[in-house]
Amino acid sequence: MAATADITIPTGDELYNTLMANIEVDLMTDQLPLLDEKYKNETPEQARVRAVRYEKAFAEYDKRLNAYLAALEAEVREHQSAARKSLEHEERTREEQKLDTLAQAIQTI
């Protein structure tokens, strides 16, 4: 995982493998180098069926990746919005305190 400050962000391999693990184990990065040996005796028909299975797996992977990225972006934007609102509230509070202080100073003149 790539570390940024005190947070950990999954690498591309980690994200890919996390999603693919629930779709098609053969297509995980650690399994790819093993496929030739694993399927060395398959017939052309079996190879065709496996290729179709893999295409479906990649389509499902794309679907899940897009859903994950959309949810992640929405969550990040929500946190960003909340942070901005919090900062605006703090600034407004400071301004009100300054105005109160100024009003009190004027009243004492």
# chains A, B, ... in the order shown; residues from 1 in each chain; ligands from 1
>>> select_by_dssp(residues="chain A", states="helix (DSSP H, G or I)", output="count of residues only")
83
>>> atom_distance(atom1="atom CA of Leu19 of chain A", atom2="atom CA of Tyr61 of chain A")
6.7 Å
>>> select_by_dssp(residues="segment 3-108 of chain A", states="strand (DSSP E)", output="list in words")
Ala3, Thr4, Ile7, Thr8 and Ile9 of chain A
>>> write_last_selection(atoms="all heavy atoms", output="PDB file, in the first residue's frame")
ATOM      1  N   ALA A   3       1.682   4.853   1.200  1.00  0.00           N
ATOM      2  CA  ALA A   3       1.359   5.644   2.386  1.00  0.00           C
ATOM      3  C   ALA A   3       1.487   7.120   2.071  1.00  0.00           C
ATOM      4  O   ALA A   3       2.431   7.551   1.428  1.00  0.00           O
ATOM      5  CB  ALA A   3       2.281   5.278   3.533  1.00  0.00           C
ATOM      6  N   THR A   4       0.517   7.883   2.474  1.00  0.00           N
ATOM      7  CA  THR A   4       0.537   9.327   2.362  1.00  0.00           C
ATOM      8  C   THR A   4       0.254   9.871   3.740  1.00  0.00           C
ATOM      9  O   THR A   4      -0.836   9.687   4.258  1.00  0.00           O
ATOM     10  CB  THR A   4      -0.547   9.812   1.364  1.00  0.00           C
ATOM     11  OG1 THR A   4      -0.327   9.168   0.113  1.00  0.00           O
ATOM     12  CG2 THR A   4      -0.476  11.307   1.170  1.00  0.00           C
ATOM     13  N   ILE A   7      -2.151   8.142   6.314  1.00  0.00           N
ATOM     14  CA  ILE A   7      -3.206   7.339   5.696  1.00  0.00           C
ATOM     15  C   ILE A   7      -2.581   6.316   4.754  1.00  0.00           C
ATOM     16  O   ILE A   7      -1.470   6.497   4.281  1.00  0.00           O
ATOM     17  CB  ILE A   7      -4.230   8.200   4.929  1.00  0.00           C
ATOM     18  CG1 ILE A   7      -3.547   8.970   3.799  1.00  0.00           C
ATOM     19  CG2 ILE A   7      -4.958   9.123   5.857  1.00  0.00           C
ATOM     20  CD1 ILE A   7      -4.492   9.649   2.865  1.00  0.00           C
ATOM     21  N   THR A   8      -3.283   5.256   4.503  1.00  0.00           N
ATOM     22  CA  THR A   8      -2.805   4.228   3.598  1.00  0.00           C
ATOM     23  C   THR A   8      -3.796   4.082   2.457  1.00  0.00           C
ATOM     24  O   THR A   8      -4.976   3.864   2.684  1.00  0.00           O
ATOM     25  CB  THR A   8      -2.645   2.888   4.346  1.00  0.00           C
ATOM     26  OG1 THR A   8      -1.759   3.101   5.451  1.00  0.00           O
ATOM     27  CG2 THR A   8      -2.070   1.831   3.457  1.00  0.00           C
ATOM     28  N   ILE A   9      -3.282   4.225   1.260  1.00  0.00           N
ATOM     29  CA  ILE A   9      -4.103   4.124   0.048  1.00  0.00           C
ATOM     30  C   ILE A   9      -3.696   2.851  -0.680  1.00  0.00           C
ATOM     31  O   ILE A   9      -2.502   2.614  -0.873  1.00  0.00           O
ATOM     32  CB  ILE A   9      -3.878   5.356  -0.854  1.00  0.00           C
ATOM     33  CG1 ILE A   9      -4.271   6.622  -0.098  1.00  0.00           C
ATOM     34  CG2 ILE A   9      -4.658   5.224  -2.154  1.00  0.00           C
ATOM     35  CD1 ILE A   9      -3.882   7.905  -0.800  1.00  0.00           C
TER      36      ILE A   9
END
>>> closest_residue(among="A:Glu90, A:Ala57, A:Gln80, A:Thr43", to="Glu24 of chain A", atoms="only C-alpha atoms")
A:Ala57
>>> atom_distance(atom1="atom CA of Leu32 of chain A", atom2="atom CA of Tyr68 of chain A")
23.5 Å
